[in-house]
Amino acid sequence: MSDHHDHDHDHGHKPAPMVDEVSHFEILEMAVRELAIEKGLFTAEDHRTWVEYVHTLGPTPAARLVAKAWLDPEYKKLCEADGVEASKAVGVNWVTSPPTQFGTPSDYCNLRVLVDTPTVKHVVVCSLCSCYPRPILGQSPEWYRTPNYRRRLVRWPRQVLTEFGLQLPSEVTIRVADSNQKTRYIVMPGRPEGTEGWTEDQLTEIVTRDCLIGVAVPKPGITTNVKLPVRKAIHPVHHDH
Amino acid sequence: MSASSNDANAENGEMLIDATPIPLLRSIQAHGRVWEDLAAQYGVTNPDPPWKITLEATCDLLAGDSCVKPYDQVEPGSCALPSLERRAEEDELSATLYEDVPFPERQLLALAHSMIARGLLDEAELASRMEVVGQRFNSA
């Protein structure tokens, strides 16, 4: 028996392109990490465990939560009443899933599911820093972290949503939910027309990250997020009013 | 630094962190190739560099449980770098010293800046370690 793979046949695909160059930034990241470990600021084992955990995160559990709620009125009630308990049905346990197991159900694990109605649209921000429901939604997008989004959304939500391509009728009230260390939010948008008879999997696909933050609404056929240029806040905040 | 003094400084328009340029980080800023350029050159579609998650993990672990507590309940010394302080400093440095650097490279520069400014890292020690890491990366 040969101990090597037979390459006489054609695999029919090429390897994905790779960056064949180590940047100063990549070196800096590793140097900072190694020194932090050597100085005892954290352990290599904790770092490895945390990285593995973060690699498992993404927006799919939150999208599935919304899809399930669209199909099951009782589950929707649970989502509204107890987001932490409802998360378990999509595989997220806010208490035990993160390796650090910080918090209790009453504090950090206070996930709120904000249910949109035909006249109320919710949108999420963290005006202070960039708190985000990572266990159920993954890593935050760059624009969510920017002062531009954080400062302007709370002042001019309708304008900011328009920049995301979401133009809402004037009769729709916009509610901005400000996240913090203890309470994180996701938005449950309304189920769009044209999805009658769809399965949970089909519905999950159109509940994008942007829909769950509240800067978009689901539409049949749209399964990707908006790509926005990131802009600085050109009008600094003044505290004299 | 307490949360209240932090807020007060921000309201007075004062910097929360010593934004004096750090030569090592300025050099990386000037000569380092950012992911968006590398990805374009090599035809890679991943929007994030491979080190982004390890950077996030470093930030999280330095923050300990400060990321899940109100700032005024964070015990002094309970973590190396409270998350709210790091993020506020990152915002400031991103708008000033590292304004021309894209994300997440500027997050990394800001983190290293915050750590050096606090004495958690020494600039010369970091430069020396970068030499070693660079040799290791390029020895294969």
# chains A, B, ... in the order shown; residues from 1 in each chain; ligands from 1
$ select_by_dssp --residues "stretch 59-102 of chain A" --states "helix (DSSP H, G or I)" --output "ChimeraX atom specification"
/A:60-71,73-81,83-88
$ closest_residue --among "A:Cys131, A:Cys211, A:Leu78, A:Leu203" --to "chain B" --atoms "only C-alpha atoms"
A:Cys131
$ closest_residue --among "A:Ala31, A:Ala63, A:Val226, A:Val124" --to "chain B" --atoms "only C-alpha atoms"
A:Ala31
$ residues_around --residues "stretch 174-182 of chain A" --least-positions-apart "6" --cutoff "9 Å" --atoms "only C-alpha atoms" --output "mmCIF file with C-alpha atoms, in the first residue's frame"
data_model
loop_
_atom_site.group_PDB
_atom_site.id
_atom_site.type_symbol
_atom_site.label_atom_id
_atom_site.label_comp_id
_atom_site.auth_asym_id
_atom_site.auth_seq_id
_atom_site.Cartn_x
_atom_site.Cartn_y
_atom_site.Cartn_z
ATOM 1 C CA GLY A 103 -21.948 36.556 35.141
ATOM 2 C CA SER A 106 -29.525 38.314 36.057
ATOM 3 C CA ASP A 107 -26.633 40.473 34.992
ATOM 4 C CA TYR A 108 -24.307 39.926 32.017
ATOM 5 C CA CYS A 109 -26.626 37.332 30.606
ATOM 6 C CA ASN A 110 -29.457 39.768 30.286
ATOM 7 C CA LEU A 111 -30.228 39.338 26.593
ATOM 8 C CA LEU A 114 -36.597 43.593 20.798
ATOM 9 C CA THR A 119 -45.115 50.896 13.658
ATOM 10 C CA VAL A 120 -41.989 50.391 15.818
ATOM 11 C CA LYS A 121 -38.488 49.669 14.521
ATOM 12 C CA HIS A 122 -35.710 48.860 16.962
ATOM 13 C CA VAL A 123 -32.016 49.398 16.374
ATOM 14 C CA VAL A 124 -29.105 48.570 18.661
ATOM 15 C CA VAL A 125 -26.029 50.569 19.565
ATOM 16 C CA CYS A 126 -23.482 50.774 22.348
ATOM 17 C CA SER A 127 -23.014 54.502 22.748
ATOM 18 C CA LEU A 128 -20.261 54.043 25.348
ATOM 19 C CA CYS A 129 -17.947 51.529 23.689
ATOM 20 C CA SER A 130 -18.945 48.499 21.609
ATOM 21 C CA CYS A 131 -20.887 46.073 23.826
ATOM 22 C CA TYR A 132 -22.406 43.427 21.565
ATOM 23 C CA PRO A 133 -24.205 40.101 22.144
ATOM 24 C CA LEU A 153 -27.455 56.879 15.795
ATOM 25 C CA VAL A 154 -28.729 58.113 19.141
ATOM 26 C CA PRO A 157 -31.478 57.403 13.942
ATOM 27 C CA ARG A 158 -33.652 57.941 10.872
ATOM 28 C CA LEU A 168 -38.741 54.040 7.041
ATOM 29 C CA SER B 66 -14.528 44.296 33.498
ATOM 30 C CA CYS B 67 -16.313 43.745 30.203
ATOM 31 C CA VAL B 68 -19.368 42.470 32.042
ATOM 32 C CA LYS B 69 -19.444 44.908 34.961
ATOM 33 C CA PRO B 70 -20.400 48.560 35.156
ATOM 34 C CA TYR B 71 -17.187 50.565 35.238
#
$ interface_residues --of "chain A" --to "chain B" --cutoff "8 Å" --atoms "only C-alpha atoms" --output "PyMOL selection string"
chain A and resi 16-20+22-33+35-36+41-42+46-47+50-51+54-55+102-103+108+128-130+142+146-147+180-182+232+238-239
$ atom_distance --atom1 "atom CA of A:Arg150" --atom2 "atom CA of A:Phe164"
14.1 Å
$ atom_distance --atom1 "atom CA of B:Pro76" --atom2 "atom CA of B:Ile22"
26.3 Å
$ select_by_dssp --residues "stretch 44-209 of chain A" --states "strand (DSSP E or B)" --output "ChimeraX atom specification"
/A:110-115,117,120-125,173-178,183-188
